[in-house]
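Asker: I'm passing along model32.cif; it holds mmCIF, C-alpha atoms and all ligand atoms.
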data_protein
#
loop_
_atom_site.label_atom_id
_atom_site.label_comp_id
_atom_site.auth_asym_id
_atom_site.auth_seq_id
_atom_site.Cartn_x
_atom_site.Cartn_y
_atom_site.Cartn_z
CA MET A 1 102.89 163.69 276.33
CA PHE A 2 103.11 167.44 276.12
CA ARG A 3 100.33 167.31 273.55
CA ASN A 4 98.12 165.15 275.82
CA PHE A 5 98.68 167.54 278.70
CA PHE A 6 97.68 170.39 276.45
CA LYS A 7 94.57 168.47 275.32
CA ALA A 8 93.54 167.71 278.93
CA GLY A 9 94.06 171.36 279.89
CA ALA A 10 91.95 172.51 276.97
CA GLY A 11 89.26 169.98 277.96
CA ILE A 12 89.06 171.34 281.52
CA ALA A 13 88.95 174.91 280.23
CA LEU A 14 86.15 174.00 277.82
CA ALA A 15 84.11 172.28 280.56
CA ALA A 16 84.53 175.30 282.86
CA ALA A 17 83.54 177.66 280.05
CA ALA A 18 80.47 175.52 279.29
CA ALA A 19 79.41 175.52 282.98
CA LEU A 20 79.82 179.29 283.13
CA ALA A 21 77.92 179.81 279.89
CA GLY A 22 75.21 177.46 281.25
CA ALA A 23 74.89 179.53 284.42
CA GLN A 24 74.81 182.74 282.41
CA ASP A 25 72.04 181.43 280.13
CA PHE A 26 70.11 180.29 283.21
CA PRO A 27 67.29 179.39 283.18
CA THR A 28 66.78 177.44 279.97
CA LYS A 29 64.01 175.22 281.38
CA ALA A 30 61.38 175.18 284.14
CA VAL A 31 62.46 175.86 287.74
CA THR A 32 60.88 173.83 290.57
CA ILE A 33 60.23 175.26 294.05
CA VAL A 34 59.84 172.45 296.58
CA VAL A 35 57.47 173.30 299.43
CA PRO A 36 58.07 170.90 302.33
CA PHE A 37 54.36 170.88 303.32
CA ALA A 38 51.00 169.94 301.81
CA ALA A 39 49.36 171.89 298.97
CA GLY A 40 46.89 174.60 299.92
CA GLY A 41 48.58 175.46 303.22
CA PRO A 42 50.33 178.70 304.24
CA THR A 43 53.84 177.90 302.98
CA ASP A 44 52.36 176.69 299.71
CA THR A 45 50.33 179.92 299.43
CA VAL A 46 53.48 182.06 299.75
CA ALA A 47 55.30 179.86 297.21
CA ARG A 48 52.53 179.98 294.61
CA LEU A 49 52.25 183.75 294.89
CA ILE A 50 55.94 184.41 294.30
CA ALA A 51 56.31 181.59 291.72
CA SER A 52 53.97 183.25 289.24
CA SER A 53 55.87 186.55 289.39
CA MET A 54 59.31 184.88 289.31
CA SER A 55 58.17 182.99 286.24
CA ASN A 56 57.49 186.29 284.41
CA THR A 57 60.92 187.66 285.32
CA LEU A 58 62.83 184.47 284.49
CA HIS A 59 60.84 183.81 281.27
CA GLN A 60 60.48 180.18 282.30
CA GLN A 61 57.82 178.24 284.17
CA VAL A 62 58.27 178.15 287.94
CA ILE A 63 56.54 175.03 289.27
CA VAL A 64 55.60 174.41 292.92
CA GLU A 65 56.06 170.83 294.12
CA ASN A 66 54.75 169.73 297.52
CA ALA A 67 56.86 167.29 299.53
CA GLY A 68 55.30 167.28 302.99
CA GLY A 69 56.13 165.16 306.02
CA ALA A 70 58.34 165.07 309.13
CA GLY A 71 57.84 168.77 309.87
CA GLY A 72 59.36 169.93 306.58
CA THR A 73 62.56 167.89 306.83
CA ILE A 74 61.64 165.48 303.99
CA GLY A 75 61.26 168.29 301.44
CA ALA A 76 64.33 170.14 302.73
CA ASN A 77 66.42 166.98 302.48
CA LYS A 78 65.23 166.44 298.92
CA VAL A 79 66.55 169.87 297.88
CA ALA A 80 69.77 169.46 299.91
CA LYS A 81 70.52 166.38 297.74
CA ALA A 82 69.30 167.86 294.41
CA LYS A 83 71.63 168.83 291.55
CA PRO A 84 73.06 172.29 292.35
CA ASP A 85 72.10 173.90 289.05
CA GLY A 86 69.45 176.40 290.17
CA TYR A 87 66.53 174.36 288.81
CA THR A 88 65.46 172.89 292.16
CA LEU A 89 64.79 175.32 295.02
CA LEU A 90 63.38 175.08 298.52
CA LEU A 91 60.89 177.49 300.01
CA HIS A 92 60.96 176.83 303.73
CA HIS A 93 60.14 178.76 306.87
CA ILE A 94 61.41 179.10 310.44
CA GLY A 95 61.58 175.27 310.57
CA GLN A 96 64.89 175.43 308.69
CA SER A 97 66.37 176.97 311.85
CA THR A 98 64.67 174.76 314.45
CA ALA A 99 65.20 171.34 312.79
CA PRO A 100 68.91 171.05 313.80
CA SER A 101 67.92 171.36 317.50
CA LEU A 102 64.85 169.13 317.23
CA TYR A 103 66.21 166.20 315.20
CA ARG A 104 68.89 163.93 316.60
CA LYS A 105 69.68 162.56 313.14
CA LEU A 106 68.93 165.30 310.64
CA PRO A 107 70.06 164.00 307.22
CA PHE A 108 71.16 167.46 306.02
CA ASP A 109 72.80 170.62 307.33
CA PRO A 110 70.53 173.68 306.88
CA VAL A 111 73.56 175.99 306.57
CA LYS A 112 76.22 173.94 304.75
CA ASP A 113 73.91 172.15 302.30
CA PHE A 114 72.15 175.26 300.96
CA GLU A 115 72.87 178.47 299.09
CA PRO A 116 70.52 181.19 300.42
CA VAL A 117 68.56 183.20 297.83
CA GLY A 118 66.59 185.62 300.01
CA LEU A 119 64.07 186.21 302.78
CA ILE A 120 60.45 186.55 301.69
CA THR A 121 58.03 187.42 304.48
CA ASP A 122 57.44 187.20 308.26
CA VAL A 123 53.98 185.78 308.92
CA PRO A 124 52.18 186.14 312.27
CA MET A 125 50.42 183.09 313.66
CA THR A 126 46.98 182.74 315.22
CA PHE A 127 45.57 180.39 317.84
CA ILE A 128 42.36 178.98 316.39
CA ALA A 129 39.93 176.20 317.37
CA ARG A 130 36.99 174.27 316.00
CA LYS A 131 33.90 176.45 316.06
CA ASP A 132 32.22 174.67 318.96
CA PHE A 133 35.32 174.46 321.19
CA PRO A 134 34.06 175.69 324.58
CA PRO A 135 36.68 178.30 325.72
CA LYS A 136 35.68 181.86 324.85
CA ASP A 137 39.02 183.68 325.10
CA MET A 138 42.72 182.88 325.63
CA LYS A 139 42.50 182.99 329.44
CA ASP A 140 39.61 180.59 329.29
CA LEU A 141 41.45 178.39 326.78
CA ILE A 142 44.45 178.07 329.11
CA ALA A 143 42.22 177.09 332.05
CA TYR A 144 40.25 174.68 329.85
CA VAL A 145 43.22 172.83 328.37
CA LYS A 146 44.85 172.54 331.80
CA ALA A 147 41.67 171.01 333.21
CA ASN A 148 41.12 168.71 330.20
CA LYS A 149 44.68 167.90 329.16
CA ASP A 150 43.96 164.23 328.54
CA LYS A 151 41.23 164.85 326.04
CA VAL A 152 42.23 168.09 324.25
CA THR A 153 44.01 167.62 320.89
CA TYR A 154 46.44 170.04 319.25
CA ALA A 155 47.02 169.78 315.46
CA ASN A 156 50.39 170.52 313.91
CA ALA A 157 52.44 169.84 310.78
CA GLY A 158 54.92 167.54 312.53
CA ILE A 159 58.05 168.12 314.61
CA GLY A 160 59.97 170.97 313.00
CA SER A 161 56.92 172.77 311.67
CA ALA A 162 55.93 176.28 312.74
CA SER A 163 52.69 174.97 314.24
CA HIS A 164 54.76 172.52 316.27
CA LEU A 165 57.06 175.31 317.49
CA CYS A 166 54.14 177.55 318.43
CA GLY A 167 52.43 174.70 320.29
CA MET A 168 55.67 173.84 322.06
CA LEU A 169 56.05 177.47 323.22
CA PHE A 170 52.44 177.48 324.40
CA MET A 171 52.71 174.18 326.28
CA THR A 172 55.98 175.30 327.89
CA ALA A 173 54.43 178.62 328.92
CA ILE A 174 51.39 177.00 330.54
CA GLN A 175 53.40 173.98 331.74
CA THR A 176 50.92 171.51 330.31
CA GLU A 177 51.63 168.81 327.78
CA LEU A 178 48.84 168.04 325.32
CA THR A 179 48.20 165.33 322.77
CA THR A 180 49.43 166.48 319.36
CA VAL A 181 48.11 165.25 316.03
CA PRO A 182 50.66 165.60 313.19
CA TYR A 183 49.74 166.25 309.54
CA LYS A 184 51.77 166.76 306.35
CA GLY A 185 50.90 170.43 306.51
CA THR A 186 48.31 172.67 308.10
CA ALA A 187 45.99 172.51 305.07
CA PRO A 188 44.90 168.96 305.99
CA ALA A 189 45.03 169.96 309.68
CA MET A 190 42.62 172.81 308.93
CA ASN A 191 40.24 170.39 307.18
CA ASP A 192 40.12 168.23 310.31
CA LEU A 193 39.68 171.29 312.53
CA LEU A 194 36.74 172.44 310.38
CA GLY A 195 35.34 168.92 310.59
CA GLY A 196 35.72 168.89 314.38
CA GLN A 197 38.18 165.96 314.47
CA VAL A 198 40.84 168.03 316.31
CA ASP A 199 40.37 170.84 318.82
CA PHE A 200 42.85 173.63 318.18
CA MET A 201 46.09 174.72 316.55
CA CYS A 202 48.38 177.67 315.99
CA ASP A 203 48.97 178.51 312.35
CA GLN A 204 50.07 181.27 310.00
CA THR A 205 47.55 183.99 309.13
CA THR A 206 48.17 183.03 305.47
CA ASN A 207 46.11 179.90 306.22
CA THR A 208 43.72 181.09 308.91
CA THR A 209 42.52 184.59 307.90
CA GLY A 210 39.88 183.37 305.43
CA GLN A 211 38.39 180.87 307.89
CA ILE A 212 38.46 183.43 310.75
CA LYS A 213 36.71 186.09 308.63
CA ALA A 214 34.13 183.56 307.43
CA GLY A 215 33.41 182.66 311.07
CA LYS A 216 34.26 179.01 310.45
CA VAL A 217 36.79 178.78 313.29
CA LYS A 218 37.16 180.37 316.72
CA VAL A 219 40.16 182.70 317.06
CA TYR A 220 41.86 183.43 320.38
CA ALA A 221 45.03 185.44 319.77
CA VAL A 222 47.82 186.44 317.39
CA THR A 223 51.38 185.43 318.27
CA THR A 224 53.17 188.69 317.44
CA PRO A 225 53.65 191.50 320.02
CA LYS A 226 51.54 193.82 317.81
CA ARG A 227 48.01 193.14 316.57
CA VAL A 228 47.70 192.21 312.89
CA PRO A 229 46.09 195.00 310.76
CA SER A 230 43.88 192.54 308.82
CA LEU A 231 42.56 191.06 312.12
CA PRO A 232 42.28 194.21 314.27
CA ASP A 233 39.90 192.72 316.85
CA VAL A 234 42.09 189.74 317.69
CA PRO A 235 44.22 190.33 320.83
CA THR A 236 47.88 189.36 321.05
CA MET A 237 49.15 186.52 323.23
CA GLN A 238 50.94 189.17 325.29
CA GLU A 239 47.68 191.07 325.86
CA SER A 240 46.16 187.74 326.88
CA GLY A 241 48.67 187.32 329.71
CA LEU A 242 51.51 185.31 328.13
CA LYS A 243 54.03 188.12 328.49
CA ASP A 244 56.98 186.84 326.43
CA PHE A 245 55.02 185.14 323.68
CA ASP A 246 56.48 186.36 320.39
CA VAL A 247 56.74 184.27 317.24
CA ALA A 248 56.42 185.07 313.53
CA VAL A 249 57.12 182.61 310.75
CA TRP A 250 59.87 183.93 308.49
CA HIS A 251 60.14 182.34 305.05
CA GLY A 252 63.20 182.02 302.82
CA LEU A 253 64.18 180.69 299.40
CA TYR A 254 67.21 178.37 299.04
CA ALA A 255 69.13 176.47 296.35
CA PRO A 256 71.38 173.45 296.98
CA ALA A 257 74.97 174.29 298.03
CA GLY A 258 77.25 174.68 295.02
CA THR A 259 74.65 176.34 292.78
CA PRO A 260 76.55 178.79 290.51
CA LYS A 261 76.51 182.42 291.67
CA ALA A 262 75.17 183.61 288.29
CA ALA A 263 72.03 181.46 288.83
CA ILE A 264 71.64 182.57 292.47
CA ASP A 265 71.87 186.23 291.40
CA LYS A 266 69.16 185.77 288.77
CA LEU A 267 66.90 183.95 291.24
CA ALA A 268 67.46 186.62 293.92
CA ASN A 269 66.63 189.34 291.40
CA ALA A 270 63.41 187.52 290.38
CA LEU A 271 62.47 187.16 294.06
CA GLN A 272 63.09 190.87 294.68
CA VAL A 273 60.92 191.80 291.67
CA ALA A 274 58.13 189.54 293.01
CA LEU A 275 58.24 191.17 296.44
CA LYS A 276 57.82 194.64 294.89
CA ASP A 277 54.81 193.54 292.86
CA PRO A 278 51.76 195.55 294.07
CA LYS A 279 49.45 192.56 293.51
CA ILE A 280 51.60 190.34 295.75
CA LYS A 281 51.83 193.08 298.39
CA GLU A 282 48.05 193.45 298.31
CA ARG A 283 47.44 189.69 298.65
CA PHE A 284 50.00 189.43 301.46
CA ALA A 285 48.24 192.29 303.29
CA GLU A 286 44.86 190.53 302.98
CA LEU A 287 46.51 187.45 304.49
CA GLY A 288 47.99 189.37 307.42
CA THR A 289 51.56 189.85 306.24
CA GLU A 290 53.85 191.88 303.98
CA PRO A 291 56.98 191.26 301.90
CA VAL A 292 60.30 191.83 303.69
CA ALA A 293 62.15 195.09 303.00
CA ALA A 294 64.31 194.96 299.83
CA ASP A 295 67.58 194.72 301.78
CA ARG A 296 66.38 191.48 303.44
CA ALA A 297 65.40 189.74 300.19
CA THR A 298 69.08 188.96 299.49
CA PRO A 299 71.31 185.85 299.79
CA ALA A 300 73.50 187.55 302.44
CA ALA A 301 70.53 188.64 304.59
CA LEU A 302 68.98 185.15 304.55
CA GLY A 303 72.33 183.48 305.33
CA LYS A 304 72.83 185.77 308.32
CA HIS A 305 69.24 185.43 309.52
CA LEU A 306 69.29 181.62 309.33
CA LYS A 307 72.44 181.40 311.48
CA ALA A 308 71.05 183.89 314.02
CA GLN A 309 67.76 181.97 314.24
CA ILE A 310 69.55 178.63 314.77
CA GLU A 311 71.39 180.29 317.71
CA LEU A 312 68.17 181.80 319.03
CA TRP A 313 66.04 178.65 319.01
CA SER A 314 68.63 176.09 320.09
CA PRO A 315 68.61 176.91 323.87
CA ILE A 316 64.81 177.38 323.88
CA ILE A 317 64.27 173.94 322.32
CA LYS A 318 66.84 172.34 324.63
CA LYS A 319 65.01 173.80 327.62
CA ALA A 320 61.68 172.48 326.33
CA GLY A 321 63.32 169.03 326.01
CA VAL A 322 61.64 168.13 322.71
CA TYR A 323 63.48 165.76 320.36
CA ALA A 324 62.77 163.57 317.35
CA ASP A 325 64.92 160.83 315.82
N1 LIG A 401 51.87 176.01 308.62
C1 LIG A 401 52.61 174.80 308.54
C2 LIG A 401 53.56 174.71 309.70
O1 LIG A 401 53.04 174.57 310.74
C3 LIG A 401 53.22 174.45 307.29
C4 LIG A 401 52.32 174.42 306.10
O2 LIG A 401 51.42 173.61 305.95
O3 LIG A 401 52.58 175.25 305.26
O4 LIG A 401 54.75 174.73 309.59
#
Show how you would write the structure in this file as C-alpha cells.
Ligand code: ASP

Answerer:
Amino acid sequence: MFRNFFKAGAGIALAAAAALAGAQDFPTKAVTIVVPFAAGGPTDTVARLIASSMSNTLHQQVIVENAGGAGGTIGANKVAKAKPDGYTLLLHHIGQSTAPSLYRKLPFDPVKDFEPVGLITDVPMTFIARKDFPPKDMKDLIAYVKANKDKVTYANAGIGSASHLCGMLFMTAIQTELTTVPYKGTAPAMNDLLGGQVDFMCDQTTNTTGQIKAGKVKVYAVTTPKRVPSLPDVPTMQESGLKDFDVAVWHGLYAPAGTPKAAIDKLANALQVALKDPKIKERFAELGTEPVAADRATPAALGKHLKAQIELWSPIIKKAGVYAD
C-alpha cells in the first residue's frame, strides 16, 4: 500500500513536471488567433499585422482564424471553451467589455473565462456613408436621419460590436432610433455600403481610411475628442455639436483561463515585440492609430482595463435600454 501511494505520488509529480516542461517549451506548434469578425475587416487587420511579427518571435506559425457573428460573442465563446494551453487565443476589442451588459444570456464570462495577454491599440472610429448619401456634413446628417428615420439604414457588425456601440451612442444622442442591418463584420458591411445597399455606419479607421482617401465613401466625423492625424480634414463629433461623443475601439489579446503563466509570458513578450516593430507602427499610423505604450501591452494592464471598461459601459448601456438574448 505504501508502495502504491509512493507510485501515485510519483505519477502526479511526473505529470506536473511534464505540464511545466510543456509550458516552458511553448510553443511547439502553430498558434491560432481567433478574430470574432469577418476577414478583411478592422479587427482582422490588427490581428494579421501582429500575427506576422509574433510568429517571428515565437518561431512558430501564428494563424488568424475568423469566427464572426453575434457581435463577436461567437468567436469569444469559442476561445473561452478552448483548451487552455496557449495555442488558441482571442483578439477582441471593446466588445469584450460591452457584451456582459448587452446579452441577457452570455455563454461566457469575459473576465473569469480568460487570461489577459495585453492591450494592443486604441482605434478611432469614423462616421461614413455611401457616396451618394445626401447629407453634406454631420449637422446635416443628424437633420436628415431624423426626418427620414423610417427609410435610413445603419450597418453594424451585430449587437456587441464596436459599430453597434457607436451607432447606439449616436441614436441615443440624437434620440432617434434607426433601422440597423447586422453583418458578421464591417468588411461585408463596407462592401454593401460601397454598393449602395446600406446608407451609413460608424467603423474603425483601420477599415475606413483607405476608402475615405480614395473618395469611395462620404466621411462626416471622427469619434475621438481629437482629430486623427491621418485624416486631418475630418472634424470630430464634438466639433460637430455632439459634445460628449467620445469612443475609441481598444483591442486586446486573450488566452482561455487556466493557460500556464509560462505560455502567457511568452505570448505577452511576443506581443510587446510586435508593437515596437517600426513597420507595424508605420502601418498603424497610416490606418489612423498607434500601438499602446509598452506598459499597457501587459496581462495586468489588460485585466485592469477590461474590468474598468465593463464598469464604464454597463450604466450607459442600461440607460440606452438595448438588450439581446
Ligand atoms: N469593426 C467591427 C465592429 O464593428 C468588427 C470587425 O469587422 O472587425 O466591431

Asker: Could you list as a count of residues only every residue that has an atom within 12 Å of (64.5, 173.0, 323.9), using the file's coordinates and counting all atoms listed in the file?

Answerer: 26

Asker: Around ligand LIG 401 (chain A), out to 6 Å and counting all atoms listed in the file, which residues are there? I want them as a list in words.

Answerer: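 Result of the 6 Å neighbour search around ligand LIG 401 (chain A): Phe37, Ala38, Gly41, Pro42, Thr43, Asp44, Asn156, Ala157, Ser161, Ala162, Ser163, Gly185, Thr186, Ala187, Asp203 and Gln204 of chain A.
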
Asker: Of the candidates A:Thr176, A:Gln197, A:Gln272, A:Thr121, which one gets nearest to Val292 (chain A) if we count all atoms listed in the file?

Answerer: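 Closest to Val292 (chain A), using all atoms listed in the file: A:Thr121.
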
Asker: Residues within 12 Å of Arg48 (chain A), please, as a ChimeraX atom specification. Count only C-alpha atoms; anything in the same chain fewer than 2 positions from it doesn't count.

Answerer: /A:32-35,39-46,50-55,61-66,91,274,280,283-284

Asker: How would the residues just chosen look if you wrote them out with C-alpha atoms as an mmCIF file, in the frame of the given file?

Answerer:
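Dumped to selection.cif:
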data_model
loop_
_atom_site.group_PDB
_atom_site.id
_atom_site.type_symbol
_atom_site.label_atom_id
_atom_site.label_comp_id
_atom_site.auth_asym_id
_atom_site.auth_seq_id
_atom_site.Cartn_x
_atom_site.Cartn_y
_atom_site.Cartn_z
ATOM 1 C CA THR A 32 60.880 173.830 290.570
ATOM 2 C CA ILE A 33 60.230 175.260 294.050
ATOM 3 C CA VAL A 34 59.840 172.450 296.580
ATOM 4 C CA VAL A 35 57.470 173.300 299.430
ATOM 5 C CA ALA A 39 49.360 171.890 298.970
ATOM 6 C CA GLY A 40 46.890 174.600 299.920
ATOM 7 C CA GLY A 41 48.580 175.460 303.220
ATOM 8 C CA PRO A 42 50.330 178.700 304.240
ATOM 9 C CA THR A 43 53.840 177.900 302.980
ATOM 10 C CA ASP A 44 52.360 176.690 299.710
ATOM 11 C CA THR A 45 50.330 179.920 299.430
ATOM 12 C CA VAL A 46 53.480 182.060 299.750
ATOM 13 C CA ILE A 50 55.940 184.410 294.300
ATOM 14 C CA ALA A 51 56.310 181.590 291.720
ATOM 15 C CA SER A 52 53.970 183.250 289.240
ATOM 16 C CA SER A 53 55.870 186.550 289.390
ATOM 17 C CA MET A 54 59.310 184.880 289.310
ATOM 18 C CA SER A 55 58.170 182.990 286.240
ATOM 19 C CA GLN A 61 57.820 178.240 284.170
ATOM 20 C CA VAL A 62 58.270 178.150 287.940
ATOM 21 C CA ILE A 63 56.540 175.030 289.270
ATOM 22 C CA VAL A 64 55.600 174.410 292.920
ATOM 23 C CA GLU A 65 56.060 170.830 294.120
ATOM 24 C CA ASN A 66 54.750 169.730 297.520
ATOM 25 C CA LEU A 91 60.890 177.490 300.010
ATOM 26 C CA ALA A 274 58.130 189.540 293.010
ATOM 27 C CA ILE A 280 51.600 190.340 295.750
ATOM 28 C CA ARG A 283 47.440 189.690 298.650
ATOM 29 C CA PHE A 284 50.000 189.430 301.460
#

Asker: Work out how far apart CA of Gln96 (chain A) and CA of Ala257 (chain A) are and give it in Å to one decimal.

Answerer: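 CA of Ala257 (chain A) lies at a distance of 14.7 Å from CA of Gln96 (chain A).
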
Asker: What is the CA of Val145 (chain A)-CA of Glu239 (chain A) distance in Å, reported with one decimal?

Answerer: 18.9 Å

Asker: Have a look at A:Ala30, A:Ala82, A:Ile74, A:Ala301 and name the one nearest to Leu58 (chain A); count all atoms listed in the file.

Answerer: A:Ala30
